[in-house]
file work.cif (mmCIF, C-alpha atoms and all ligand atoms)
data_final
loop_
_atom_site.label_atom_id
_atom_site.label_comp_id
_atom_site.auth_asym_id
_atom_site.auth_seq_id
_atom_site.Cartn_x
_atom_site.Cartn_y
_atom_site.Cartn_z
CA MET A 581 121.76 103.57 116.72
CA THR A 582 122.01 106.62 114.47
CA LEU A 583 125.41 105.92 112.92
CA GLY A 584 126.11 103.59 109.98
CA ALA A 585 123.55 104.59 107.36
CA PRO A 586 124.12 105.16 104.54
CA LEU A 587 127.13 102.83 104.47
CA VAL A 588 129.44 103.07 101.45
CA ILE A 589 131.98 100.27 101.02
CA ALA A 590 134.71 100.81 98.41
CA SER A 591 137.38 98.38 97.28
CA GLU A 592 139.66 101.39 96.70
CA THR A 593 139.51 105.12 97.30
CA GLU A 594 141.98 107.96 97.84
CA SER A 595 140.97 108.67 101.45
CA THR A 596 137.71 107.90 103.21
CA ASN A 597 138.05 111.26 105.00
CA ASP A 598 137.98 113.00 101.62
CA ASP A 599 134.93 110.92 100.61
CA ALA A 600 133.16 111.92 103.82
CA LYS A 601 134.03 115.61 103.44
CA ARG A 602 132.73 115.53 99.87
CA GLY A 603 129.56 113.83 101.15
CA ALA A 604 129.21 116.52 103.83
CA ARG A 605 129.34 119.27 101.20
CA GLU A 606 126.80 117.39 99.05
CA GLY A 607 124.26 117.10 101.89
CA VAL A 608 124.73 113.44 102.92
CA PRO A 609 123.07 112.98 106.35
CA HIS A 610 124.51 112.59 109.85
CA GLY A 611 125.75 109.08 110.53
CA ALA A 612 126.95 108.19 107.03
CA VAL A 613 130.01 105.94 106.95
CA TRP A 614 132.60 105.32 104.22
CA VAL A 615 134.73 102.17 104.44
CA ALA A 616 137.59 101.22 102.11
CA GLU A 617 139.78 98.17 101.67
CA VAL A 618 142.58 100.29 100.18
CA GLN A 619 143.36 104.00 100.38
CA THR A 620 145.75 105.41 97.79
CA SER A 621 146.25 108.68 99.76
CA GLY A 622 145.37 107.69 103.32
CA ARG A 623 146.18 110.54 105.69
CA GLY A 624 147.19 110.67 109.33
CA ARG A 625 147.59 113.52 111.81
CA GLN A 626 150.38 116.08 111.45
CA GLY A 627 150.46 115.60 107.66
CA ARG A 628 151.64 111.98 107.88
CA ALA A 629 150.60 109.24 105.45
CA TRP A 630 148.49 106.33 106.75
CA LEU A 631 149.50 103.13 105.01
CA SER A 632 147.62 99.85 105.22
CA PRO A 633 147.91 96.66 103.10
CA PRO A 634 144.77 95.74 101.08
CA GLY A 635 141.94 94.05 102.95
CA GLU A 636 143.73 93.64 106.28
CA ASN A 637 142.59 96.48 108.46
CA LEU A 638 139.61 98.68 109.18
CA LEU A 639 139.72 102.06 107.42
CA PHE A 640 136.62 104.20 107.68
CA SER A 641 135.22 107.69 108.19
CA VAL A 642 132.04 108.76 109.93
CA LEU A 643 130.15 111.96 109.08
CA LEU A 644 128.74 113.73 112.16
CA ARG A 645 126.48 116.75 111.82
CA LEU A 646 126.74 117.99 115.39
CA ARG A 647 125.78 121.70 115.12
CA CYS A 648 127.85 122.53 118.18
CA ALA A 649 130.32 125.32 118.95
CA PRO A 650 133.74 124.91 117.27
CA ALA A 651 135.32 124.76 120.76
CA ARG A 652 133.59 121.38 121.23
CA VAL A 653 135.53 119.72 118.38
CA PRO A 654 138.62 118.86 120.53
CA PRO A 655 136.41 117.26 123.25
CA VAL A 656 134.58 115.28 120.53
CA SER A 657 137.92 114.13 119.18
CA LEU A 658 138.84 112.79 122.64
CA ALA A 659 135.48 110.99 122.88
CA CYS A 660 136.28 109.29 119.55
CA GLY A 661 139.54 107.98 120.99
CA LEU A 662 137.64 106.49 123.91
CA ALA A 663 135.08 104.87 121.58
CA VAL A 664 137.81 103.15 119.57
CA ARG A 665 139.71 102.23 122.75
CA ASP A 666 136.67 100.49 124.23
CA ALA A 667 136.04 98.51 121.01
CA VAL A 668 139.69 97.38 120.84
CA ALA A 669 139.68 96.43 124.53
CA ARG A 670 136.55 94.33 124.00
CA ALA A 671 138.05 92.62 120.94
CA LEU A 672 141.12 91.73 122.98
CA GLY A 673 139.27 90.90 126.19
CA ALA A 674 141.83 93.21 127.79
CA GLY A 675 141.73 95.03 131.12
CA ASP A 676 141.69 98.76 131.72
CA ALA A 677 145.43 99.35 131.84
CA ASP A 678 146.20 97.29 128.74
CA VAL A 679 144.39 99.45 126.18
CA VAL A 680 144.85 103.17 126.62
CA VAL A 681 144.51 106.46 124.76
CA LYS A 682 147.51 108.68 124.14
CA TRP A 683 146.36 112.27 123.90
CA PRO A 684 144.64 113.34 121.82
CA ASN A 685 143.34 110.05 120.45
CA ASP A 686 145.94 107.41 119.52
CA VAL A 687 144.90 103.99 120.83
CA LEU A 688 147.74 101.93 122.30
CA VAL A 689 147.89 98.32 123.48
CA ARG A 690 150.25 96.96 126.12
CA SER A 691 151.69 93.82 124.59
CA ALA A 692 151.54 90.51 126.45
CA ARG A 693 154.90 89.75 124.76
CA ASP A 694 157.03 92.47 126.35
CA GLY A 695 154.78 94.89 128.25
CA VAL A 696 155.48 97.68 125.74
CA LEU A 697 152.70 100.06 124.62
CA ARG A 698 152.29 100.18 120.83
CA LYS A 699 149.82 102.02 118.58
CA VAL A 700 146.96 99.91 117.23
CA ALA A 701 144.66 102.67 115.92
CA GLY A 702 144.79 106.29 114.84
CA ILE A 703 142.08 108.90 114.36
CA LEU A 704 142.00 111.96 112.11
CA VAL A 705 139.23 114.43 112.95
CA GLU A 706 138.47 117.16 110.41
CA SER A 707 135.65 119.68 110.69
CA GLY A 708 133.78 122.22 108.59
CA ILE A 709 132.66 125.41 110.32
CA ALA A 710 129.84 127.69 109.14
CA GLY A 711 129.62 130.95 111.12
CA ALA A 712 129.66 130.19 114.84
CA LYS A 713 128.60 126.55 114.40
CA VAL A 714 130.21 123.33 113.32
CA GLU A 715 128.59 122.16 110.10
CA TYR A 716 130.18 118.74 110.09
CA VAL A 717 132.84 116.66 111.79
CA VAL A 718 134.49 113.85 109.87
CA VAL A 719 136.04 111.19 112.09
CA GLY A 720 138.52 109.06 110.15
CA ILE A 721 139.60 105.88 111.91
CA GLY A 722 142.31 103.40 111.01
CA ILE A 723 142.51 100.24 113.15
CA ASN A 724 145.22 97.63 112.52
CA VAL A 725 143.17 94.43 112.63
CA HIS A 726 144.61 91.43 110.75
CA THR A 727 148.12 92.67 109.89
CA ARG A 728 150.73 90.30 111.36
CA ALA A 729 153.72 91.44 109.28
CA LEU A 730 154.39 95.09 110.01
CA PRO A 731 157.16 96.97 108.20
CA GLU A 732 160.45 96.53 110.10
CA GLU A 733 160.68 100.22 111.02
CA LEU A 734 157.24 100.10 112.70
CA THR A 735 157.51 96.95 114.83
CA ALA A 736 158.77 98.87 117.87
CA ILE A 737 155.90 101.36 117.85
CA ALA A 738 152.91 99.76 116.07
CA THR A 739 150.88 96.59 116.48
CA SER A 740 147.59 95.00 115.42
CA ILE A 741 144.66 93.33 117.13
CA ALA A 742 145.71 89.99 115.58
CA LEU A 743 149.24 90.23 116.98
CA GLU A 744 147.98 91.15 120.44
CA ARG A 745 145.26 88.46 120.48
CA ASP A 746 147.83 85.85 119.43
CA ALA A 747 150.22 87.02 122.15
CA ARG A 748 147.50 86.72 124.79
CA ALA A 749 146.40 83.27 123.57
CA GLY A 750 149.95 81.97 123.10
CA GLY A 751 149.35 81.14 119.40
CA PRO A 752 147.46 82.20 116.26
CA LEU A 753 143.70 82.69 116.68
CA ALA A 754 140.94 82.72 114.06
CA ALA A 755 140.44 86.11 112.39
CA LEU A 756 138.30 88.72 114.07
CA ASP A 757 135.25 89.93 112.12
CA ARG A 758 135.95 93.49 110.92
CA GLY A 759 132.21 94.15 110.47
CA GLU A 760 131.58 93.41 114.13
CA LEU A 761 134.44 95.67 115.15
CA LEU A 762 133.04 98.47 112.98
CA ALA A 763 129.58 98.04 114.54
CA GLU A 764 131.11 98.19 118.02
CA VAL A 765 133.01 101.41 117.30
CA LEU A 766 129.88 103.02 115.80
CA SER A 767 127.79 102.04 118.80
CA ASN A 768 130.44 103.47 121.16
CA LEU A 769 130.56 106.72 119.17
CA ASP A 770 126.78 106.88 119.33
CA ARG A 771 126.93 106.50 123.12
CA ASP A 772 129.12 109.56 123.77
CA VAL A 773 129.71 111.89 120.85
CA GLU A 774 126.49 113.92 120.71
CA HIS A 775 126.46 114.26 124.45
CA VAL A 776 130.03 115.58 124.51
CA ALA A 777 129.31 117.93 121.57
CA HIS A 778 126.42 119.56 123.41
CA LYS A 779 127.29 119.16 127.10
CA GLY A 780 131.08 118.90 127.17
CA LEU A 781 133.53 116.37 128.57
CA GLY A 782 132.09 116.20 132.10
CA LEU A 783 130.37 112.81 131.91
CA ILE A 784 133.27 111.03 130.20
CA HIS A 785 136.10 112.81 132.03
CA SER A 786 136.68 110.06 134.59
CA ARG A 787 136.80 107.43 131.83
CA LEU A 788 139.29 109.57 129.89
CA THR A 789 141.47 109.80 132.98
CA ARG A 790 141.24 106.05 133.67
CA HIS A 791 142.47 105.23 130.16
CA ASP A 792 144.97 108.07 129.76
CA ALA A 793 148.33 106.65 128.61
CA LEU A 794 150.16 109.85 129.55
CA PHE A 795 148.69 110.41 133.03
CA ASN A 796 151.50 111.20 135.50
CA GLN A 797 154.09 110.26 132.85
CA ARG A 798 157.09 112.34 131.86
CA VAL A 799 156.34 113.77 128.39
CA GLU A 800 157.88 116.05 125.82
CA SER A 801 156.42 117.66 122.74
CA THR A 802 157.53 116.09 119.47
CA GLU A 803 158.78 119.55 118.51
CA GLY A 804 161.03 119.45 121.59
CA ASP A 805 159.91 122.81 123.00
CA LEU A 806 158.12 121.53 126.11
CA GLN A 807 158.82 118.94 128.82
CA GLY A 808 157.08 118.01 132.05
CA ILE A 809 154.68 115.60 133.72
CA ALA A 810 151.28 115.04 132.08
CA ARG A 811 148.44 115.70 134.56
CA GLY A 812 145.39 114.67 132.52
CA VAL A 813 143.08 116.74 130.32
CA ASP A 814 140.91 119.73 131.23
CA LEU A 815 137.23 120.09 130.32
CA GLU A 816 138.17 121.79 127.04
CA GLY A 817 140.16 118.71 126.03
CA ARG A 818 143.58 120.33 126.50
CA LEU A 819 146.45 118.27 127.86
CA LEU A 820 147.74 119.56 131.20
CA VAL A 821 151.50 119.47 131.57
CA GLU A 822 153.27 120.41 134.77
CA CYS A 823 156.55 121.89 133.57
CA ASP A 824 159.83 121.53 135.39
CA ASP A 825 159.61 125.16 136.58
CA GLY A 826 156.30 124.31 138.33
CA SER A 827 154.05 126.09 135.82
CA LEU A 828 150.99 124.29 134.41
CA LYS A 829 150.70 124.47 130.60
CA ARG A 830 147.51 123.66 128.68
CA ILE A 831 148.30 122.11 125.31
CA SER A 832 145.61 122.31 122.64
CA SER A 833 147.40 120.97 119.58
CA GLY A 834 150.44 119.02 118.51
CA GLU A 835 151.74 115.73 119.76
CA MET A 836 153.53 114.50 122.87
CA ARG A 837 155.82 111.53 123.40
CA MET A 838 156.53 109.67 126.60
CA ARG A 839 160.03 109.99 128.01
CA LEU A 840 161.78 107.85 130.56
CA ALA A 841 162.13 109.82 133.81
C1 LIG A 901 146.88 109.15 112.86
O1 LIG A 901 147.10 108.38 113.79
O2 LIG A 901 147.78 109.90 112.43
C2 LIG A 901 145.51 109.20 112.25
C3 LIG A 901 145.30 108.11 111.24
C4 LIG A 901 143.93 108.12 110.60
C5 LIG A 901 143.81 107.13 109.47
C6 LIG A 901 142.40 106.98 108.99
S1 LIG A 901 142.23 105.61 107.89
C7 LIG A 901 140.61 106.13 107.47
C8 LIG A 901 140.64 107.65 107.39
N1 LIG A 901 141.03 108.08 106.05
C9 LIG A 901 142.22 108.72 106.06
O3 LIG A 901 142.79 109.19 105.05
N2 LIG A 901 142.69 108.77 107.30
C10 LIG A 901 141.79 108.16 108.26
#

call {"tool": "encode", "arguments": {"input": "work.cif", "output": "C-alpha cells"}}
result
Amino acid sequence: MTLGAPLVIASETESTNDDAKRGAREGVPHGAVWVAEVQTSGRGRQGRAWLSPPGENLLFSVLLRLRCAPARVPPVSLACGLAVRDAVARALGAGDADVVVKWPNDVLVRSARDGVLRKVAGILVESGIAGAKVEYVVVGIGINVHTRALPEELTAIATSIALERDARAGGPLAALDRGELLAEVLSNLDRDVEHVAHKGLGLIHSRLTRHDALFNQRVESTEGDLQGIARGVDLEGRLLVECDDGSLKRISSGEMRMRLA
C-alpha cells in the first residue's frame, strides 16, 4: 500500500485539507495523510462548514501526486466516494443497496430504523494544477463514526456508523476502531485512484452505477434551475440528467437533491 506514510495525527488543527495543501507546496510525498481529532475551520463542499465534536469521528486528508490531466480530477473524486462507500459498507456489514454514493461523492446509508437514506460521510477534493498537469490532489474525508447525538436540525439528513450499526443490531454495540476504518479507506483508495487518474473511469464505471443513489431517481439542482431523471455518470464523471423536455444534460459541478416523483 502506498498511502498512509507519513502519517500526521493532530489533536487540533484548522483544516486537514489546509495542512495537506501546505504539505503539497512544501514537497511532502504522495500518500501522506493528516488526521485531526478537532478542526477549528473544517470545510465542506459548496463553501459549507464541516462540524464534528472532538474525538468522535474520522477527519483526514490524503495527498495524492497523480500527475494526470486536470480533466481526470472529477473521475478521481468519484473514485474517492466509492472507496469511502466500500469501507462504510464493510464496517456496517451492509448490502449493496444500503450504502450508496450521491453524486459526486456523498456517502449515504439506508437506515434500518426507517429506510431513509442519510449522509454518513462527505469528501472535499481540492487540486493544484501546474501547466497541463495536476501537481497534487488533496482528498479530505469526514466520516461520522461514533457520534450518536446529532444536532436536532441534522437528524433527518445525517447519521453515523454507530447509529446505523446499533439500528441493525437492535441495541448499542462496542465502538468501531477508527484506525481500522482509516486503513480500509486508504487501501480502497490505493486500489482505484491511480488507475482512474491515468486510465479513466472505465474499470470502476459498473461499480459506480451499482452504488449510485441517484440512478433513475427524480432530481433537481440545489440552485433550482434543473429538474429531470438522473441516468448515471458518463466517463468524464458528469452526472447525466434526462430533462422533462427529453434533452440529456451533463452536469459537471454543483449539487443535486432527490425529489419525490
Ligand atoms: C462535504 O460533504 O461537504 C465535504 C466534507 C469534507 C469534510 C472533511 S473533514 C477532513 C477534511 N478537512 C476539511 O476541512 N474538510 C474535509

call {"tool": "atom_distance", "arguments": {"input": "work.cif", "atom1": "CA of Thr789 in chain A", "atom2": "CA of Asp676 in chain A"}}
result
11.1 Å

call {"tool": "residues_near_ligand", "arguments": {"input": "work.cif", "ligand": "ligand LIG 901 (chain A)", "cutoff": "10 Å", "atoms": "only C-alpha atoms and all ligand atoms", "output": "number ranges by chain"}}
result
A: 593-600, 614-632, 637-642, 684-687, 699-706, 718-724

call {"tool": "atom_distance", "arguments": {"input": "work.cif", "atom1": "CA of Ala585 in chain A", "atom2": "CA of Glu715 in chain A"}}
result
18.5 Å

call {"tool": "atom_distance", "arguments": {"input": "work.cif", "atom1": "CA of Arg839 in chain A", "atom2": "CA of Arg798 in chain A"}}
result
5.4 Å

call {"tool": "residues_around", "arguments": {"input": "work.cif", "residues": "Val656 in chain A", "least_positions_apart": "3", "cutoff": "10 Å", "atoms": "all atoms listed in the file", "output": "PyMOL selection string"}}
result
chain A and resi 646+651-653+659-662+705+717+719+769+772-778+780-781+816-817

call {"tool": "write_last_selection", "arguments": {"input": "work.cif", "atoms": "C-alpha atoms", "output": "CSV table (one decimal), in the coordinates of the input"}}
result
chain,number,residue,atom,x,y,z
A,646,LEU,CA,126.7,118.0,115.4
A,651,ALA,CA,135.3,124.8,120.8
A,652,ARG,CA,133.6,121.4,121.2
A,653,VAL,CA,135.5,119.7,118.4
A,659,ALA,CA,135.5,111.0,122.9
A,660,CYS,CA,136.3,109.3,119.6
A,661,GLY,CA,139.5,108.0,121.0
A,662,LEU,CA,137.6,106.5,123.9
A,705,VAL,CA,139.2,114.4,113.0
A,717,VAL,CA,132.8,116.7,111.8
A,719,VAL,CA,136.0,111.2,112.1
A,769,LEU,CA,130.6,106.7,119.2
A,772,ASP,CA,129.1,109.6,123.8
A,773,VAL,CA,129.7,111.9,120.8
A,774,GLU,CA,126.5,113.9,120.7
A,775,HIS,CA,126.5,114.3,124.4
A,776,VAL,CA,130.0,115.6,124.5
A,777,ALA,CA,129.3,117.9,121.6
A,778,HIS,CA,126.4,119.6,123.4
A,780,GLY,CA,131.1,118.9,127.2
A,781,LEU,CA,133.5,116.4,128.6
A,816,GLU,CA,138.2,121.8,127.0
A,817,GLY,CA,140.2,118.7,126.0

call {"tool": "closest_residue", "arguments": {"input": "work.cif", "among": "A:Val689, A:Cys823, A:Leu644, A:Val765", "to": "Leu743 in chain A", "atoms": "only C-alpha atoms"}}
result
A:Val689

call {"tool": "residues_around", "arguments": {"input": "work.cif", "residues": "range 733-741 of chain A", "least_positions_apart": "5", "cutoff": "12 Å", "atoms": "all atoms listed in the file", "output": "number ranges by chain"}}
result
A: 631-632, 636-638, 665, 667-674, 679, 686-702, 722-728, 746-748, 752-758, 761, 837

call {"tool": "axis_aligned_box", "arguments": {"input": "work.cif", "around": "range 627-641 of chain A", "padding_each_side": "6 Å", "output": "JSON"}}
result
{"center_x": 143.4, "center_y": 104.6, "center_z": 105.1, "size_x": 28.4, "size_y": 34.0, "size_z": 20.1}

call {"tool": "residues_around", "arguments": {"input": "work.cif", "residues": "Leu806 in chain A", "least_positions_apart": "6", "cutoff": "12 Å", "atoms": "all atoms listed in the file", "output": "PyMOL selection string"}}
result
chain A and resi 798-800+820-825+827-831+834-839

call {"tool": "build_atoms", "arguments": {"input": "work.cif", "residues": "range 754-765 of chain A", "atoms": "all heavy atoms", "output": "mmCIF file, keeping the file's coordinate frame"}}
result
data_model
loop_
_atom_site.group_PDB
_atom_site.id
_atom_site.type_symbol
_atom_site.label_atom_id
_atom_site.label_comp_id
_atom_site.auth_asym_id
_atom_site.auth_seq_id
_atom_site.Cartn_x
_atom_site.Cartn_y
_atom_site.Cartn_z
ATOM 1 N N ALA A 754 141.740 82.456 115.257
ATOM 2 C CA ALA A 754 140.940 82.720 114.060
ATOM 3 C C ALA A 754 140.716 84.228 113.929
ATOM 4 O O ALA A 754 140.704 84.955 114.927
ATOM 5 C CB ALA A 754 139.599 82.017 114.194
ATOM 6 N N ALA A 755 140.549 84.672 112.663
ATOM 7 C CA ALA A 755 140.440 86.110 112.390
ATOM 8 C C ALA A 755 139.210 86.720 113.044
ATOM 9 O O ALA A 755 138.140 86.114 113.103
ATOM 10 C CB ALA A 755 140.384 86.326 110.881
ATOM 11 N N LEU A 756 139.402 87.932 113.512
ATOM 12 C CA LEU A 756 138.300 88.720 114.070
ATOM 13 C C LEU A 756 137.423 89.236 112.920
ATOM 14 O O LEU A 756 137.931 89.483 111.835
ATOM 15 C CB LEU A 756 138.946 89.921 114.778
ATOM 16 C CG LEU A 756 138.113 90.746 115.709
ATOM 17 C CD1 LEU A 756 138.109 90.066 117.071
ATOM 18 C CD2 LEU A 756 138.750 92.127 115.843
ATOM 19 N N ASP A 757 136.145 89.414 113.158
ATOM 20 C CA ASP A 757 135.250 89.930 112.120
ATOM 21 C C ASP A 757 135.310 91.461 112.105
ATOM 22 O O ASP A 757 134.927 92.120 113.078
ATOM 23 C CB ASP A 757 133.828 89.441 112.448
ATOM 24 C CG ASP A 757 132.839 89.812 111.359
ATOM 25 O OD1 ASP A 757 132.896 90.950 110.865
ATOM 26 O OD2 ASP A 757 132.008 88.950 111.010
ATOM 27 N N ARG A 758 135.798 92.027 110.976
ATOM 28 C CA ARG A 758 135.950 93.490 110.920
ATOM 29 C C ARG A 758 134.598 94.206 110.959
ATOM 30 O O ARG A 758 134.489 95.326 111.436
ATOM 31 C CB ARG A 758 136.731 93.905 109.661
ATOM 32 C CG ARG A 758 138.224 93.595 109.778
ATOM 33 C CD ARG A 758 138.962 94.030 108.532
ATOM 34 N NE ARG A 758 138.562 93.257 107.377
ATOM 35 C CZ ARG A 758 138.782 93.593 106.110
ATOM 36 N NH1 ARG A 758 139.421 94.716 105.832
ATOM 37 N NH2 ARG A 758 138.386 92.832 105.120
ATOM 38 N N GLY A 759 133.551 93.548 110.438
ATOM 39 C CA GLY A 759 132.210 94.150 110.470
ATOM 40 C C GLY A 759 131.726 94.329 111.902
ATOM 41 O O GLY A 759 131.140 95.354 112.266
ATOM 42 N N GLU A 760 132.006 93.312 112.722
ATOM 43 C CA GLU A 760 131.580 93.410 114.130
ATOM 44 C C GLU A 760 132.345 94.506 114.857
ATOM 45 O O GLU A 760 131.798 95.229 115.687
ATOM 46 C CB GLU A 760 131.806 92.074 114.847
ATOM 47 C CG GLU A 760 130.728 91.062 114.531
ATOM 48 C CD GLU A 760 130.967 89.709 115.204
ATOM 49 O OE1 GLU A 760 131.668 89.651 116.231
ATOM 50 O OE2 GLU A 760 130.456 88.718 114.662
ATOM 51 N N LEU A 761 133.630 94.633 114.525
ATOM 52 C CA LEU A 761 134.440 95.670 115.150
ATOM 53 C C LEU A 761 133.924 97.054 114.746
ATOM 54 O O LEU A 761 133.805 97.961 115.578
ATOM 55 C CB LEU A 761 135.914 95.495 114.742
ATOM 56 C CG LEU A 761 136.924 96.433 115.383
ATOM 57 C CD1 LEU A 761 136.972 96.246 116.903
ATOM 58 C CD2 LEU A 761 138.324 96.200 114.792
ATOM 59 N N LEU A 762 133.594 97.197 113.459
ATOM 60 C CA LEU A 762 133.040 98.470 112.980
ATOM 61 C C LEU A 762 131.746 98.798 113.722
ATOM 62 O O LEU A 762 131.547 99.930 114.202
ATOM 63 C CB LEU A 762 132.786 98.390 111.463
ATOM 64 C CG LEU A 762 132.037 99.552 110.825
ATOM 65 C CD1 LEU A 762 132.813 100.862 110.978
ATOM 66 C CD2 LEU A 762 131.776 99.274 109.340
ATOM 67 N N ALA A 763 130.861 97.809 113.850
ATOM 68 C CA ALA A 763 129.580 98.040 114.540
ATOM 69 C C ALA A 763 129.820 98.462 115.989
ATOM 70 O O ALA A 763 129.124 99.337 116.523
ATOM 71 C CB ALA A 763 128.729 96.772 114.483
ATOM 72 N N GLU A 764 130.802 97.862 116.623
ATOM 73 C CA GLU A 764 131.110 98.190 118.020
ATOM 74 C C GLU A 764 131.618 99.634 118.149
ATOM 75 O O GLU A 764 131.202 100.377 119.040
ATOM 76 C CB GLU A 764 132.160 97.189 118.524
ATOM 77 C CG GLU A 764 132.581 97.351 119.954
ATOM 78 C CD GLU A 764 131.569 96.823 120.956
ATOM 79 O OE1 GLU A 764 130.666 96.066 120.556
ATOM 80 O OE2 GLU A 764 131.676 97.197 122.136
ATOM 81 N N VAL A 765 132.506 100.030 117.236
ATOM 82 C CA VAL A 765 133.010 101.410 117.300
ATOM 83 C C VAL A 765 131.854 102.393 117.076
ATOM 84 O O VAL A 765 131.717 103.386 117.811
ATOM 85 C CB VAL A 765 134.124 101.666 116.245
ATOM 86 C CG1 VAL A 765 134.524 103.139 116.241
ATOM 87 C CG2 VAL A 765 135.347 100.797 116.508
#
